[in-house]
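Coordinates from input.txt are shown below (compact mmCIF, C-alpha atoms and all ligand atoms).
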```txt
# COMPACT_ATOMS: atom_id res chain seq x y z
CA MET A 15 3.58 21.24 -1.41
CA LEU A 16 4.03 18.91 1.60
CA LYS A 17 6.73 20.78 3.51
CA GLY A 18 6.14 20.41 7.26
CA LYS A 19 3.86 17.39 6.81
CA VAL A 20 4.70 14.03 8.35
CA ALA A 21 3.89 10.88 6.35
CA ILE A 22 3.89 7.25 7.47
CA VAL A 23 4.09 4.78 4.60
CA THR A 24 3.76 1.16 5.75
CA GLY A 25 5.64 -1.45 3.74
CA SER A 26 7.87 1.21 2.18
CA THR A 27 11.13 -0.76 2.07
CA SER A 28 10.16 -2.14 -1.35
CA GLY A 29 7.95 -1.79 -4.42
CA ILE A 30 4.91 0.48 -4.36
CA GLY A 31 5.47 1.77 -0.82
CA LEU A 32 8.97 2.91 -1.70
CA GLY A 33 7.65 4.67 -4.82
CA ILE A 34 5.09 6.49 -2.67
CA ALA A 35 7.64 7.41 0.04
CA ASN A 36 9.97 8.76 -2.63
CA GLU A 37 7.26 10.98 -4.18
CA LEU A 38 6.06 12.33 -0.80
CA ALA A 39 9.69 13.07 0.19
CA ARG A 40 10.24 14.81 -3.17
CA LEU A 41 7.31 17.07 -2.31
CA GLY A 42 8.89 17.91 1.06
CA ALA A 43 7.19 15.58 3.57
CA ASP A 44 9.13 13.99 6.42
CA ILE A 45 8.85 10.22 6.10
CA ILE A 46 8.48 7.25 8.40
CA LEU A 47 9.73 4.23 6.45
CA ASN A 48 8.42 0.84 7.52
CA GLY A 49 8.76 -2.72 6.32
CA LEU A 50 10.88 -5.83 6.40
CA GLY A 51 14.27 -6.38 4.80
CA ASP A 52 18.02 -6.32 5.15
CA ALA A 53 19.13 -3.69 7.71
CA ASP A 54 21.95 -2.32 5.50
CA GLU A 55 19.66 -2.01 2.47
CA ILE A 56 17.00 -0.26 4.54
CA GLU A 57 19.60 2.18 5.89
CA ALA A 58 20.81 2.84 2.32
CA THR A 59 17.20 3.59 1.29
CA ARG A 60 16.66 5.84 4.31
CA SER A 61 19.86 7.84 3.85
CA GLY A 62 19.23 8.03 0.08
CA LEU A 63 15.87 9.73 0.65
CA VAL A 64 17.49 12.21 3.06
CA ARG A 65 20.28 12.96 0.58
CA ASP A 66 17.98 13.29 -2.46
CA HIS A 67 15.20 15.33 -0.87
CA GLY A 68 16.60 17.01 2.28
CA VAL A 69 13.73 15.79 4.46
CA ARG A 70 13.80 13.92 7.77
CA VAL A 71 13.40 10.15 7.32
CA VAL A 72 13.22 7.62 10.14
CA TYR A 73 12.82 3.86 9.88
CA ASP A 74 10.37 2.04 12.16
CA GLY A 75 10.29 -1.74 11.81
CA ALA A 76 6.80 -2.23 13.32
CA ASP A 77 5.34 -5.62 12.35
CA MET A 78 2.07 -4.99 10.52
CA SER A 79 0.72 -8.39 11.55
CA ASP A 80 0.63 -7.15 15.17
CA GLY A 81 -2.18 -4.65 15.83
CA GLU A 82 -0.56 -3.25 18.99
CA ALA A 83 2.70 -2.65 17.09
CA VAL A 84 0.77 -0.74 14.40
CA ARG A 85 -0.81 1.50 17.06
CA GLU A 86 2.64 2.05 18.60
CA LEU A 87 4.00 3.10 15.20
CA ILE A 88 1.47 5.96 15.15
CA ALA A 89 2.18 6.88 18.80
CA THR A 90 5.97 6.87 18.27
CA THR A 91 5.60 9.07 15.19
CA VAL A 92 3.57 11.64 17.14
CA GLU A 93 6.16 11.53 19.95
CA THR A 94 9.07 12.00 17.52
CA PHE A 95 7.59 14.55 15.09
CA GLY A 96 4.75 16.07 17.13
CA ARG A 97 2.20 15.20 14.42
CA VAL A 98 1.00 12.76 11.79
CA ASP A 99 -0.52 14.16 8.61
CA ILE A 100 -0.49 11.37 6.03
CA LEU A 101 -0.98 7.66 6.64
CA VAL A 102 -0.51 5.34 3.67
CA ASN A 103 -1.58 1.80 4.54
CA ASN A 104 0.41 -0.09 1.93
CA ALA A 105 2.09 -3.14 3.52
CA GLY A 106 0.72 -6.32 1.99
CA ILE A 107 1.45 -9.94 1.19
CA GLN A 108 0.01 -12.45 -1.27
CA PHE A 109 -0.54 -16.21 -1.30
CA THR A 110 -2.46 -18.20 -3.90
CA ALA A 111 -4.26 -21.57 -3.56
CA PRO A 112 -7.73 -22.97 -4.20
CA VAL A 113 -10.03 -22.15 -1.29
CA GLU A 114 -10.26 -25.75 -0.06
CA GLU A 115 -6.47 -25.95 0.15
CA PHE A 116 -5.88 -22.42 1.47
CA PRO A 117 -3.78 -22.74 4.66
CA PRO A 118 -5.60 -21.08 7.60
CA ALA A 119 -2.30 -19.54 8.78
CA LYS A 120 -1.91 -17.79 5.40
CA TRP A 121 -5.52 -16.58 5.56
CA ASN A 122 -4.88 -15.12 9.03
CA ALA A 123 -1.60 -13.46 8.00
CA ILE A 124 -3.10 -11.87 4.86
CA LEU A 125 -6.13 -10.57 6.75
CA ALA A 126 -3.88 -9.21 9.53
CA ILE A 127 -1.34 -7.43 7.30
CA ASN A 128 -3.54 -6.39 4.34
CA LEU A 129 -6.66 -5.36 6.32
CA SER A 130 -6.44 -5.29 10.13
CA ALA A 131 -3.20 -3.25 10.13
CA ALA A 132 -5.07 -0.47 8.29
CA PHE A 133 -7.85 -0.58 10.90
CA HIS A 134 -5.38 -0.25 13.80
CA GLY A 135 -3.36 2.49 12.09
CA ILE A 136 -6.45 4.50 11.18
CA ALA A 137 -7.98 4.10 14.66
CA ALA A 138 -4.77 5.42 16.24
CA ALA A 139 -4.18 8.26 13.72
CA VAL A 140 -7.69 9.70 13.28
CA PRO A 141 -7.92 11.47 16.69
CA ARG A 142 -4.62 13.25 16.04
CA MET A 143 -5.61 14.19 12.46
CA ARG A 144 -8.97 15.54 13.67
CA LYS A 145 -7.18 17.68 16.26
CA GLN A 146 -4.90 19.04 13.53
CA GLY A 147 -7.93 19.69 11.30
CA TRP A 148 -6.10 18.02 8.40
CA GLY A 149 -5.20 14.47 7.50
CA ARG A 150 -4.90 12.19 4.51
CA ILE A 151 -5.41 8.44 4.81
CA VAL A 152 -4.68 6.43 1.68
CA ASN A 153 -5.29 2.69 1.65
CA ILE A 154 -3.49 0.74 -1.06
CA ALA A 155 -6.16 -1.77 -2.02
CA SER A 156 -6.10 -3.42 -5.47
CA ALA A 157 -8.18 -4.20 -8.53
CA HIS A 158 -8.85 -7.21 -6.30
CA GLY A 159 -10.67 -4.82 -3.94
CA LEU A 160 -13.29 -4.46 -6.68
CA VAL A 161 -13.33 -7.78 -8.54
CA GLY A 162 -12.24 -11.34 -7.77
CA SER A 163 -9.79 -13.83 -9.28
CA PRO A 164 -9.52 -17.57 -8.58
CA HIS A 165 -7.08 -18.80 -5.91
CA LYS A 166 -6.89 -15.46 -4.08
CA ALA A 167 -9.56 -15.95 -1.40
CA ALA A 168 -7.72 -14.19 1.41
CA TYR A 169 -6.25 -11.38 -0.71
CA VAL A 170 -9.56 -10.57 -2.45
CA ALA A 171 -11.46 -10.72 0.86
CA ALA A 172 -8.91 -8.45 2.56
CA LYS A 173 -8.83 -5.93 -0.30
CA HIS A 174 -12.66 -5.80 -0.58
CA GLY A 175 -12.65 -5.28 3.19
CA LEU A 176 -10.16 -2.45 2.83
CA VAL A 177 -12.39 -0.71 0.27
CA GLY A 178 -15.30 -1.07 2.73
CA LEU A 179 -13.23 0.29 5.63
CA THR A 180 -12.26 3.25 3.40
CA LYS A 181 -15.93 4.16 2.84
CA VAL A 182 -16.76 4.01 6.56
CA VAL A 183 -13.76 6.12 7.60
CA GLY A 184 -14.49 8.57 4.77
CA LEU A 185 -18.03 9.00 6.16
CA GLU A 186 -16.94 9.24 9.80
CA THR A 187 -14.31 11.91 9.09
CA ALA A 188 -16.28 13.89 6.45
CA GLY A 189 -16.06 17.63 7.06
CA SER A 190 -13.21 17.34 9.57
CA GLY A 191 -10.37 18.11 7.15
CA VAL A 192 -9.45 14.44 7.09
CA THR A 193 -10.04 12.32 3.98
CA CYS A 194 -9.76 8.57 3.53
CA ASN A 195 -9.48 6.99 0.09
CA ALA A 196 -8.41 3.73 -1.47
CA ILE A 197 -6.20 3.30 -4.53
CA CYS A 198 -6.85 0.15 -6.54
CA PRO A 199 -3.82 -0.67 -8.69
CA GLY A 200 -3.72 -3.28 -11.41
CA TRP A 201 -0.44 -5.16 -12.02
CA VAL A 202 2.67 -3.36 -10.80
CA ARG A 203 6.02 -5.08 -11.37
CA THR A 204 7.26 -5.56 -7.78
CA PRO A 205 8.63 -8.57 -5.83
CA LEU A 206 5.00 -9.48 -4.97
CA VAL A 207 4.21 -9.93 -8.68
CA GLU A 208 7.62 -11.36 -9.72
CA LYS A 209 6.74 -14.41 -7.62
CA GLN A 210 3.44 -14.85 -9.51
CA ILE A 211 5.26 -14.50 -12.85
CA SER A 212 7.82 -17.18 -11.94
CA ASP A 213 4.99 -19.46 -10.70
CA ILE A 214 3.20 -19.14 -14.08
CA ALA A 215 6.47 -19.78 -15.95
CA ALA A 216 7.18 -22.92 -13.89
CA GLU A 217 3.61 -24.25 -14.12
CA ARG A 218 3.29 -23.82 -17.89
CA HIS A 219 6.95 -24.52 -18.79
CA ILE A 220 7.28 -21.14 -20.52
CA SER A 221 9.86 -18.35 -20.21
CA GLU A 222 9.42 -15.51 -17.68
CA LYS A 223 9.01 -13.14 -20.63
CA GLU A 224 6.10 -15.17 -22.01
CA ALA A 225 4.63 -15.54 -18.51
CA THR A 226 4.75 -11.75 -18.09
CA LYS A 227 2.88 -11.27 -21.37
CA GLU A 228 0.22 -13.78 -20.30
CA LEU A 229 -0.18 -12.21 -16.88
CA LEU A 230 -0.85 -8.79 -18.43
CA ALA A 231 -2.97 -10.08 -21.32
CA GLU A 232 -5.30 -11.95 -18.96
CA LYS A 233 -6.29 -8.88 -16.90
CA GLN A 234 -4.78 -5.56 -17.94
CA PRO A 235 -6.03 -4.23 -21.32
CA SER A 236 -3.24 -1.62 -21.56
CA LEU A 237 -0.74 -4.54 -21.55
CA THR A 238 1.56 -2.28 -19.53
CA PHE A 239 2.50 -2.40 -15.85
CA VAL A 240 1.47 0.47 -13.55
CA SER A 241 4.62 2.00 -11.99
CA PRO A 242 5.26 2.71 -8.30
CA ALA A 243 6.04 6.32 -9.30
CA GLN A 244 2.58 6.67 -10.89
CA LEU A 245 1.00 5.44 -7.66
CA GLY A 246 3.17 7.92 -5.74
CA GLY A 247 1.74 10.62 -8.01
CA THR A 248 -1.81 9.49 -7.20
CA VAL A 249 -1.14 9.64 -3.45
CA ALA A 250 0.37 13.12 -3.92
CA PHE A 251 -2.78 14.21 -5.79
CA LEU A 252 -4.96 12.91 -2.92
CA CYS A 253 -2.84 15.03 -0.55
CA SER A 254 -3.37 18.17 -2.66
CA ASP A 255 -6.05 20.83 -2.16
CA ALA A 256 -7.62 19.77 -5.47
CA ALA A 257 -8.55 16.46 -3.82
CA SER A 258 -9.91 17.81 -0.52
CA GLN A 259 -13.48 16.80 -1.45
CA ILE A 260 -12.52 13.30 -2.56
CA THR A 261 -13.24 10.93 0.31
CA GLY A 262 -14.48 7.38 0.75
CA ALA A 263 -13.53 6.73 -2.87
CA ALA A 264 -11.82 3.79 -4.54
CA ILE A 265 -9.63 5.04 -7.38
CA SER A 266 -8.66 2.53 -10.07
CA ILE A 267 -5.19 2.81 -11.61
CA ASP A 268 -5.30 -0.43 -13.52
CA GLY A 269 -4.84 0.01 -17.29
CA GLY A 270 -8.54 -0.80 -17.77
CA TRP A 271 -8.67 -4.06 -15.73
CA THR A 272 -11.92 -3.27 -13.89
CA ALA A 273 -13.55 -1.59 -16.90
CA LEU A 274 -13.87 -4.99 -18.60
P1 LIG B 1 6.30 -5.74 -2.13
O1 LIG B 1 6.41 -7.16 -1.73
O2 LIG B 1 7.31 -5.15 -3.05
O3 LIG B 1 6.21 -4.80 -0.85
C1 LIG B 1 5.49 -5.15 0.29
C2 LIG B 1 5.98 -4.32 1.46
O4 LIG B 1 5.25 -4.72 2.63
C3 LIG B 1 7.47 -4.55 1.76
O5 LIG B 1 8.06 -3.34 2.16
C4 LIG B 1 7.41 -5.54 2.91
O6 LIG B 1 8.57 -5.50 3.73
C5 LIG B 1 6.20 -5.02 3.65
N1 LIG B 1 5.67 -6.00 4.59
C6 LIG B 1 5.26 -7.27 4.36
N2 LIG B 1 4.90 -7.87 5.51
C7 LIG B 1 5.09 -6.95 6.50
C8 LIG B 1 4.90 -6.95 7.91
N3 LIG B 1 4.47 -8.03 8.56
N4 LIG B 1 5.21 -5.82 8.59
C9 LIG B 1 5.69 -4.74 7.96
N5 LIG B 1 5.87 -4.66 6.63
C10 LIG B 1 5.57 -5.76 5.91
O7 LIG B 1 4.83 -5.63 -2.76
P2 LIG B 1 4.10 -4.43 -3.52
O8 LIG B 1 3.62 -5.00 -4.80
O9 LIG B 1 4.86 -3.18 -3.50
O10 LIG B 1 2.80 -4.31 -2.59
C11 LIG B 1 2.46 -3.16 -1.85
C12 LIG B 1 0.96 -3.09 -1.71
O11 LIG B 1 0.36 -2.90 -2.99
C13 LIG B 1 0.32 -4.36 -1.12
O12 LIG B 1 -0.70 -4.00 -0.23
C14 LIG B 1 -0.24 -5.04 -2.34
O13 LIG B 1 -1.33 -5.86 -2.03
C15 LIG B 1 -0.66 -3.84 -3.17
N6 LIG B 1 -0.85 -4.11 -4.60
C16 LIG B 1 0.17 -4.59 -5.36
C17 LIG B 1 -0.05 -4.81 -6.72
C18 LIG B 1 1.03 -5.32 -7.62
O14 LIG B 1 0.71 -5.65 -8.78
N7 LIG B 1 2.29 -5.37 -7.20
C19 LIG B 1 -1.31 -4.55 -7.27
C20 LIG B 1 -2.32 -4.07 -6.46
C21 LIG B 1 -2.09 -3.85 -5.12
```
Have the structure of the file written as structure tokens, please.
Ligand code: NAD
Amino acid sequence: MLKGKVAIVTGSTSGIGLGIANELARLGADIILNGLGDADEIEATRSGLVRDHGVRVVYDGADMSDGEAVRELIATTVETFGRVDILVNNAGIQFTAPVEEFPPAKWNAILAINLSAAFHGIAAAVPRMRKQGWGRIVNIASAHGLVGSPHKAAYVAAKHGLVGLTKVVGLETAGSGVTCNAICPGWVRTPLVEKQISDIAAERHISEKEATKELLAEKQPSLTFVSPAQLGGTVAFLCSDAASQITGAAISIDGGWTAL
């Protein structure tokens, strides 16, 4: 389905991004992997995708907190592959604290990586996608792009901003063959959430297993984690012809979290 397409997935060395990169590669897209991590592990991931799916995969370590570096990631991709068809803005970080104690440096980093990086990537990719007459932009927002939770001022602000950016870009590109949508996952068991589980366990003096149950029970009525592969499937759907009239939308994949 995606043979000949070129997909950039930011933050794809781990978790959700890796699940998305894997699904797009399975469907035949060439992949630009991005994210932080151990060089040997990243190379193992890269070569594993090539081996499993027979597509071209390059790693670009652009720092998503640096807007110029994000724009260069798009430019380098076009230089290397001659095109960019799919941009998945997925890289993200989390930090929790009451608003009056929230460190300004953490606020700035979360806004830069979780929101501004998407702006820079989209601004650089849209002209190329318009010229091609086809493009798919998928922003990985969150249930926290639609509702709030205490102690997540920066994350909730950034994710609400990302949903807003998605609407504007959806409107600006409507009818051009380019679509822009947001996916709003509930809890997905990745390193970003493991940290929150161990924080709950430490705070309440309970086991990680009990902390996991509490985390799900508080927000996610299905009591089951969303998987990275399921989110990969949603991105693939948004890249399909069936989804060509879906744009500017925020799609919840959250086990009922935001239906409450
Ligand atoms: P993760 O920590 O497993 O992955 C985050 C990825 O972003 C990693 O590849 C990391 O290297 C990369 N990254 C972080 N800072 C970077 C930087 N400065 N430059 C480049 N790459 C950087 O977390 P995840 O849970 O897979 O999160 C992926 C996205 O999904 C995030 O935007 C997150 O907010 C969102 N999300 C996660 C959940 C969840 O429950 N895990 C729920 C909703 C939304």
Determine, using only C-alpha atoms and all ligand atoms, which residues of chain A have any atom at most 9 Å from an atom of ligand LIG 1 (chain B), and tabulate each with its shortest atom pair and distance in Å to one decimal place, rows ordered by chain and then rising number, as CSV.
```
residue,atom,partner,partner_atom,distance
A:Thr24,CA,B:LIG1,N5,6.3
A:Gly25,CA,B:LIG1,O5,3.5
A:Ser26,CA,B:LIG1,O5,4.6
A:Thr27,CA,B:LIG1,O5,4.0
A:Ser28,CA,B:LIG1,O5,4.3
A:Gly29,CA,B:LIG1,O9,3.5
A:Ile30,CA,B:LIG1,O9,3.8
A:Gly31,CA,B:LIG1,O9,5.7
A:Leu32,CA,B:LIG1,O5,7.4
A:Gly33,CA,B:LIG1,O9,8.4
A:Leu47,CA,B:LIG1,O5,8.9
A:Asn48,CA,B:LIG1,N5,6.1
A:Gly49,CA,B:LIG1,N5,3.5
A:Leu50,CA,B:LIG1,O6,3.5
A:Gly51,CA,B:LIG1,O6,5.9
A:Gly75,CA,B:LIG1,C9,6.7
A:Ala76,CA,B:LIG1,C9,6.0
A:Asp77,CA,B:LIG1,N4,3.8
A:Met78,CA,B:LIG1,N4,3.8
A:Ser79,CA,B:LIG1,N3,4.8
A:Asp80,CA,B:LIG1,N3,7.7
A:Val84,CA,B:LIG1,N4,8.9
A:Asn103,CA,B:LIG1,O12,7.6
A:Asn104,CA,B:LIG1,O12,4.6
A:Ala105,CA,B:LIG1,O4,3.6
A:Gly106,CA,B:LIG1,O12,3.5
A:Ile107,CA,B:LIG1,C6,5.6
A:Gln108,CA,B:LIG1,O13,6.8
A:Ala123,CA,B:LIG1,N3,8.2
A:Ile124,CA,B:LIG1,N2,9.0
A:Ala126,CA,B:LIG1,N3,8.5
A:Ile127,CA,B:LIG1,N3,6.0
A:Asn128,CA,B:LIG1,O12,5.9
A:Leu129,CA,B:LIG1,O12,9.0
A:Ala131,CA,B:LIG1,N4,8.9
A:Asn153,CA,B:LIG1,O12,8.3
A:Ile154,CA,B:LIG1,O12,5.6
A:Ala155,CA,B:LIG1,C21,5.5
A:Ser156,CA,B:LIG1,C20,4.0
A:Ala157,CA,B:LIG1,C20,6.2
A:His158,CA,B:LIG1,C20,7.2
A:Gly159,CA,B:LIG1,C21,8.7
A:Tyr169,CA,B:LIG1,O13,7.5
A:Lys173,CA,B:LIG1,O13,7.7
A:Ile197,CA,B:LIG1,C21,8.3
A:Cys198,CA,B:LIG1,C20,6.2
A:Pro199,CA,B:LIG1,C20,4.3
A:Gly200,CA,B:LIG1,C19,5.0
A:Trp201,CA,B:LIG1,O14,3.5
A:Val202,CA,B:LIG1,O14,3.6
A:Arg203,CA,B:LIG1,N7,5.6
A:Thr204,CA,B:LIG1,O8,4.7
A:Pro205,CA,B:LIG1,O2,4.6
A:Leu206,CA,B:LIG1,O1,4.2
A:Val207,CA,B:LIG1,N7,5.2
A:Glu208,CA,B:LIG1,N7,8.4
A:Phe239,CA,B:LIG1,O14,8.0
A:Val240,CA,B:LIG1,O14,7.8
A:Pro242,CA,B:LIG1,O9,7.6
A:Asp268,CA,B:LIG1,C19,8.5
```
With distances taken over all atoms listed in the file, which of A:Lys223, A:His67, A:Arg218, A:His134 is nearest to A:Leu179?
A:His134
The residues within 10 Å of (3.4, 21.7, 6.7), using only C-alpha atoms and the coordinates of the file, should be reported as a VMD selection string; which are they?
chain A and resid 15 to 20 42 to 44 99
Exercise: A:Leu63 partners within 9 Å, only C-alpha atoms, chain neighbours under 5 positions left out, as a list in words
Ala35, Asn36, Ala39, Arg40, Ile45, Ala58, Gly68, Val69, Arg70 and Val71 of chain A
Contacts of A:Glu222 within 12 Å, all atoms listed in the file, excl. fewer than 4 positions in-chain, as a tab-separated table (two decimals) with C-alpha atoms, in the coordinates of the input:
```tsv
chain	number	residue	atom	x	y	z
A	207	VAL	CA	4.21	-9.93	-8.68
A	208	GLU	CA	7.62	-11.36	-9.72
A	209	LYS	CA	6.74	-14.41	-7.62
A	210	GLN	CA	3.44	-14.85	-9.51
A	211	ILE	CA	5.26	-14.50	-12.85
A	212	SER	CA	7.82	-17.18	-11.94
A	213	ASP	CA	4.99	-19.46	-10.70
A	214	ILE	CA	3.20	-19.14	-14.08
A	215	ALA	CA	6.47	-19.78	-15.95
A	216	ALA	CA	7.18	-22.92	-13.89
A	217	GLU	CA	3.61	-24.25	-14.12
A	218	ARG	CA	3.29	-23.82	-17.89
A	226	THR	CA	4.75	-11.75	-18.09
A	227	LYS	CA	2.88	-11.27	-21.37
A	228	GLU	CA	0.22	-13.78	-20.30
A	229	LEU	CA	-0.18	-12.21	-16.88
```
What is the distance between atom CA of A:Ser241 and atom CA of A:Lys181, in Å to one decimal?
25.4 Å
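Residue nearest A:Thr238 within the list A:Phe95, A:Trp271, A:Ala167, A:Leu252: A:Trp271 [criterion: smallest interatomic distance, only C-alpha atoms].
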Complete the atoms of stretch 136-145 of chain A to all heavy atoms and put them out as a CSV table (one decimal), in the coordinates of the input.
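Result file selection35.csv:
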```csv
chain,number,residue,atom,x,y,z
A,136,ILE,N,-5.4,3.4,11.3
A,136,ILE,CA,-6.4,4.5,11.2
A,136,ILE,C,-7.0,4.9,12.6
A,136,ILE,O,-7.1,6.1,12.9
A,136,ILE,CB,-7.6,4.0,10.2
A,136,ILE,CG1,-7.0,4.0,8.8
A,136,ILE,CG2,-8.8,5.0,10.3
A,136,ILE,CD1,-8.0,3.3,7.8
A,137,ALA,N,-7.4,3.8,13.3
A,137,ALA,CA,-8.0,4.1,14.7
A,137,ALA,C,-7.0,4.9,15.5
A,137,ALA,O,-7.5,5.8,16.3
A,137,ALA,CB,-8.3,2.8,15.4
A,138,ALA,N,-5.7,4.7,15.4
A,138,ALA,CA,-4.8,5.4,16.2
A,138,ALA,C,-4.5,6.8,15.7
A,138,ALA,O,-4.2,7.7,16.4
A,138,ALA,CB,-3.5,4.6,16.3
A,139,ALA,N,-4.6,7.0,14.3
A,139,ALA,CA,-4.2,8.3,13.7
A,139,ALA,C,-5.3,9.3,13.6
A,139,ALA,O,-5.1,10.5,13.7
A,139,ALA,CB,-3.6,8.0,12.3
A,140,VAL,N,-6.6,8.8,13.5
A,140,VAL,CA,-7.7,9.7,13.3
A,140,VAL,C,-7.8,10.8,14.4
A,140,VAL,O,-8.0,12.0,14.1
A,140,VAL,CB,-9.0,8.9,13.0
A,140,VAL,CG1,-10.2,9.8,13.3
A,140,VAL,CG2,-9.0,8.4,11.6
A,141,PRO,N,-7.8,10.4,15.7
A,141,PRO,CA,-7.9,11.5,16.7
A,141,PRO,C,-6.9,12.6,16.5
A,141,PRO,O,-7.3,13.8,16.6
A,141,PRO,CB,-7.7,10.7,18.0
A,141,PRO,CG,-8.0,9.3,17.7
A,141,PRO,CD,-7.6,9.1,16.3
A,142,ARG,N,-5.7,12.2,16.2
A,142,ARG,CA,-4.6,13.2,16.0
A,142,ARG,C,-4.9,14.1,14.8
A,142,ARG,O,-4.8,15.3,14.8
A,142,ARG,CB,-3.3,12.5,15.9
A,142,ARG,CG,-2.1,13.4,15.7
A,142,ARG,CD,-1.7,13.9,17.1
A,142,ARG,NE,-1.1,15.3,16.9
A,142,ARG,CZ,-0.8,16.1,17.9
A,142,ARG,NH1,-0.9,15.6,19.1
A,142,ARG,NH2,-0.3,17.2,17.7
A,143,MET,N,-5.3,13.5,13.7
A,143,MET,CA,-5.6,14.2,12.5
A,143,MET,C,-6.8,15.1,12.7
A,143,MET,O,-6.8,16.3,12.2
A,143,MET,CB,-5.9,13.2,11.3
A,143,MET,CG,-4.7,12.4,10.9
A,143,MET,SD,-5.1,11.3,9.6
A,143,MET,CE,-3.5,10.7,9.0
A,144,ARG,N,-7.8,14.7,13.4
A,144,ARG,CA,-9.0,15.5,13.7
A,144,ARG,C,-8.5,16.8,14.4
A,144,ARG,O,-8.9,17.9,14.1
A,144,ARG,CB,-10.0,14.8,14.6
A,144,ARG,CG,-10.9,13.9,13.8
A,144,ARG,CD,-12.0,13.4,14.9
A,144,ARG,NE,-12.7,12.3,14.4
A,144,ARG,CZ,-13.7,12.3,13.6
A,144,ARG,NH1,-14.1,13.5,13.1
A,144,ARG,NH2,-14.3,11.2,13.2
A,145,LYS,N,-7.7,16.6,15.4
A,145,LYS,CA,-7.2,17.7,16.3
A,145,LYS,C,-6.4,18.7,15.4
A,145,LYS,O,-6.5,19.9,15.6
A,145,LYS,CB,-6.3,17.1,17.4
A,145,LYS,CG,-6.3,17.9,18.6
A,145,LYS,CD,-5.3,17.4,19.7
A,145,LYS,CE,-6.0,16.3,20.6
A,145,LYS,NZ,-5.0,15.8,21.5
```
